[in-house]
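Student: My structure file target_16.txt, compact mmCIF, C-alpha atoms and all ligand atoms, is below:
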```txt
# COMPACT_ATOMS: atom_id res chain seq x y z
CA MET A 1 -42.31 -60.55 76.10
CA LYS A 2 -39.01 -58.85 77.03
CA LYS A 3 -39.22 -56.55 74.06
CA ARG A 4 -42.66 -55.37 75.11
CA LYS A 5 -41.33 -54.58 78.58
CA ILE A 6 -38.56 -52.46 77.11
CA ASN A 7 -41.06 -50.67 74.94
CA LYS A 8 -43.19 -49.98 77.97
CA GLU A 9 -40.21 -48.62 79.87
CA ALA A 10 -39.15 -46.45 76.95
CA LEU A 11 -42.68 -45.12 76.68
CA LYS A 12 -42.72 -44.32 80.38
CA LYS A 13 -39.37 -42.53 80.10
CA LYS A 14 -40.64 -40.53 77.17
CA GLU A 15 -43.74 -39.61 79.08
CA ILE A 16 -41.70 -38.36 82.03
CA LEU A 17 -39.48 -36.36 79.70
CA ASP A 18 -42.51 -34.84 78.00
CA ASN A 19 -43.98 -33.91 81.33
CA LYS A 20 -40.74 -32.25 82.35
CA ARG A 21 -40.66 -30.30 79.10
CA PHE A 22 -44.26 -29.26 79.55
CA ASN A 23 -43.61 -28.08 83.10
CA LYS A 24 -40.60 -26.11 81.94
CA THR A 25 -42.65 -24.38 79.25
CA ILE A 26 -45.37 -23.53 81.76
CA LEU A 27 -42.82 -22.16 84.20
CA ILE A 28 -41.10 -20.00 81.59
CA SER A 29 -44.43 -18.69 80.29
CA PHE A 30 -45.48 -17.87 83.82
CA MET A 31 -42.22 -16.04 84.49
CA ILE A 32 -42.49 -14.01 81.30
CA LEU A 33 -46.10 -13.12 82.07
CA SER A 34 -45.22 -12.08 85.64
CA LEU A 35 -42.38 -9.92 84.39
CA LEU A 36 -44.69 -8.30 81.85
CA ILE A 37 -47.37 -7.55 84.44
CA PHE A 38 -44.74 -6.22 86.81
CA THR A 39 -43.28 -3.92 84.14
CA VAL A 40 -46.70 -2.56 83.20
CA LEU A 41 -47.55 -1.96 86.86
CA ILE A 42 -44.27 -0.15 87.51
CA PHE A 43 -44.78 1.95 84.41
CA TYR A 44 -48.31 2.95 85.46
CA THR A 45 -47.28 3.68 89.03
CA TYR A 46 -44.33 5.82 88.05
CA ARG A 47 -45.69 7.06 84.74
CA CYS A 48 -45.65 10.72 85.76
CA SER A 49 -42.16 10.54 87.21
CA THR A 50 -40.87 8.71 84.17
CA LEU A 51 -42.48 11.26 81.88
CA PHE A 52 -41.15 14.10 84.00
CA TYR A 53 -37.63 12.67 83.99
CA TYR A 54 -37.88 12.39 80.23
CA ARG A 55 -39.19 15.95 79.82
CA THR A 56 -36.41 17.60 81.83
CA ARG A 57 -33.99 16.12 79.31
CA VAL A 58 -35.85 16.35 76.03
CA LEU A 59 -37.43 19.78 76.49
CA TYR A 60 -34.14 21.55 77.10
CA GLY A 61 -33.66 24.12 74.35
CA LYS A 62 -37.30 23.82 73.27
CA GLU A 63 -40.28 26.07 73.88
CA ILE A 64 -42.32 24.76 76.81
CA SER A 65 -46.10 24.91 76.83
CA SER A 66 -47.48 27.10 79.67
CA ASP A 67 -49.75 24.33 80.90
CA LEU A 68 -46.74 22.28 81.96
CA VAL A 69 -45.31 24.89 84.32
CA CYS A 70 -46.21 26.72 87.51
CA PHE A 71 -45.73 30.48 87.17
CA ASN A 72 -45.45 30.84 90.93
CA GLU A 73 -42.69 28.28 91.44
CA ASN A 74 -41.02 28.83 88.06
CA LYS A 75 -40.84 25.10 87.60
CA LEU A 76 -41.79 22.43 85.14
CA LYS A 77 -44.42 20.25 86.83
CA HIS A 78 -45.28 16.54 86.82
CA HIS A 79 -48.86 17.17 85.82
CA LYS A 80 -50.74 19.66 83.66
CA THR A 81 -51.17 22.96 85.50
CA ILE A 82 -54.34 24.95 86.06
CA PRO A 83 -55.00 28.04 83.93
CA PHE A 84 -56.65 31.15 85.34
CA LYS A 85 -57.27 34.68 84.14
CA TYR A 86 -56.04 37.63 86.14
CA ASN A 87 -55.75 41.25 84.95
CA HIS A 88 -56.82 40.01 81.49
CA ASN A 89 -53.85 37.66 81.28
CA ASN A 90 -53.63 33.88 81.40
CA PHE A 91 -51.54 32.37 84.14
CA TYR A 92 -50.79 28.76 85.00
CA VAL A 93 -50.30 27.40 88.50
CA CYS A 94 -50.06 23.99 90.12
CA SER A 95 -52.23 24.66 93.19
CA ASN A 96 -54.56 27.10 94.89
CA ASN A 97 -51.71 28.21 97.13
CA CYS A 98 -49.66 29.12 94.09
CA LYS A 99 -52.63 30.96 92.61
CA LEU A 100 -53.02 32.92 95.82
CA SER A 101 -49.33 33.70 95.98
CA LEU A 102 -49.34 34.97 92.41
CA THR A 103 -52.38 37.20 92.83
CA ILE A 104 -51.29 38.62 96.20
CA ASN A 105 -47.75 39.38 95.04
CA TYR A 106 -48.83 40.07 91.48
CA ASN A 107 -46.29 42.79 90.73
CA LYS A 108 -43.48 40.55 91.85
CA VAL A 109 -44.56 37.02 90.94
CA ALA A 110 -46.34 37.67 87.63
CA MET A 111 -43.23 39.33 86.25
CA ALA A 112 -39.93 37.79 85.30
CA LEU A 113 -36.58 38.90 83.95
CA ASP A 114 -35.73 37.78 80.44
CA ALA A 115 -32.96 35.22 81.05
CA PHE A 116 -30.95 36.62 78.16
CA SER A 117 -31.53 40.39 78.08
CA GLY A 118 -32.65 41.01 81.66
CA ASP A 119 -35.77 42.90 80.51
CA THR A 120 -38.79 42.76 82.78
CA ILE A 121 -41.59 40.78 81.15
CA LEU A 122 -45.01 39.47 82.03
CA LYS A 123 -44.84 35.70 82.46
CA SER A 124 -48.13 35.12 80.65
CA ARG A 125 -46.67 36.64 77.47
CA ALA A 126 -43.21 35.10 77.78
CA ILE A 127 -41.62 32.26 75.89
CA ILE A 128 -40.70 29.56 78.39
CA GLY A 129 -37.68 27.28 78.41
CA LEU A 130 -35.66 25.13 80.80
CA LYS A 131 -32.82 26.90 82.55
CA LYS A 132 -30.63 23.79 82.57
CA LYS A 133 -30.83 20.24 81.35
CA LYS A 134 -32.07 17.65 83.89
CA ASN A 135 -33.46 20.44 86.08
CA PRO A 136 -37.11 21.54 86.29
CA THR A 137 -36.35 25.25 86.82
CA ILE A 138 -37.71 27.38 83.99
CA VAL A 139 -36.66 30.73 82.54
CA TYR A 140 -38.67 33.30 80.62
CA PHE A 141 -37.90 35.18 77.43
CA LYS A 142 -39.31 38.31 75.84
CA ASN A 143 -39.09 36.82 72.35
CA LYS A 144 -37.81 33.92 70.28
CA VAL A 145 -34.60 35.81 69.38
CA ASN A 146 -33.56 36.05 73.03
CA PHE A 147 -34.65 32.44 73.53
CA ASN A 148 -32.38 31.22 70.72
CA ARG A 149 -29.49 33.41 71.86
CA TYR A 150 -29.73 32.05 75.40
CA TYR A 151 -29.45 28.41 74.30
CA ARG A 152 -26.71 29.18 71.80
CA LYS A 153 -24.73 30.79 74.61
CA GLN A 154 -25.46 27.89 76.99
CA ASN A 155 -24.33 25.32 74.45
CA LYS A 156 -21.02 27.13 73.98
CA LYS A 157 -20.22 26.84 77.68
ZN ZN B 201 -47.11 25.84 92.05
```
Before anything else, please render the file you have as structure tokens.
Tutor:
Amino acid sequence: MKKRKINKEALKKKEILDNKRFNKTILISFMILSLLIFTVLIFYTYRCSTLFYYRTRVLYGKEISSDLVCFNENKLKHHKTIPFKYNHNNFYVCSNNCKLSLTINYNKVAMALDAFSGDTILKSRAIIGLKKKKNPTIVYFKNKVNFNRYYRKQNKK
């Protein structure tokens, strides 16, 4: 009779312990899931900024695709830029205002100075690179030779 009582008590204790363990597992799973959802949400919300932050570091010293920059602002942009043809040349801008600014001040805005040689060049035919690391400002080059020389010189500084 006494033995059975002990067994019953032990069983009850075990049950309580199991419940506790189960609750703990549920809680941890829930926390991990929440953290995961939170991370994904943050990533999607700040995806462009994260990508942009990454680009200003990784693209330094590399040729930059025209559709990532605004020819009016001379900057690397968060989003893909809009191409348009003007005077038989392809230009890329981030907004209608920038398009307007480029076409109105065409002789000034559509041209750039080669960052290495100082030659005047048309932006639509230039090779584009980042002026500095961690900075969205871009520079233009007449050719790949000047491009390479510029970054070699920068790296020596
Ligand atoms: Zn722009």
Student: Using only C-alpha atoms and all ligand atoms, what are the residues with an atom within 10 Å of ligand ZN 201 (chain B), set out as a list in words?
Tutor: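 Selection of residues at most 10 Å from ligand ZN 201 (chain B): Val69, Cys70, Phe71, Asn72, Glu73, Asn74, Lys75, Leu76, Lys77, Thr81, Ile82, Tyr92, Val93, Cys94, Ser95, Asn96, Asn97, Cys98, Lys99, Leu100, Ser101 and Leu102 of chain A.
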Student: Taking only C-alpha atoms into account, name the residue in A:Thr50, A:Thr39, A:Ser34, A:Thr56 that is nearest to A:Asn135.
Tutor: A:Thr56
Student: Which residue is closest to A:Lys157? Choose from A:Ile138, A:Tyr53, A:Thr45, A:Lys132 and count only C-alpha atoms.
Tutor: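 Checking each candidate against A:Lys157, we get A:Lys132 as the closest.
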Student: What would the list of residues within 10 Å of (-29.8, 26.4, 75.0) (file frame) look like as a list in words, if all atoms listed in the file are what count?
Tutor: Tyr60, Gly61, Lys62, Gly129, Leu130, Lys131, Lys132, Lys133, Phe147, Asn148, Arg149, Tyr150, Tyr151, Arg152, Lys153, Gln154, Asn155, Lys156 and Lys157 of chain A
Student: Record the distance separating atom CA of A:His78 and atom CA of A:Tyr44, expressed in Å with one decimal.
Tutor: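 These two atoms are separated by 14.0 Å.
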Student: Between atom CA of A:Lys142 and atom CA of A:Asn89, what is the spacing in Å?
Tutor: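 The value is 15.5 Å.
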Student: Pick out the closest residue to A:Ala126 from this set: A:Tyr106, A:Ile16, A:Leu11, A:Ser66. Count all atoms listed in the file.
Tutor: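 Closest residue, counting all atoms listed in the file: A:Ser66.
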Student: Using all atoms of stretch 93-101 of chain A that appear in the file, construct an axis-aligned enclosing box with 5 Å of padding on every side and provide its centre coordinates and edge lengths in Å, rounded to one decimal, as lines of an AutoDock Vina configuration file.
Tutor:
```
center_x = -51.9
center_y = 28.8
center_z = 92.8
size_x = 15.2
size_y = 19.7
size_z = 18.6
```
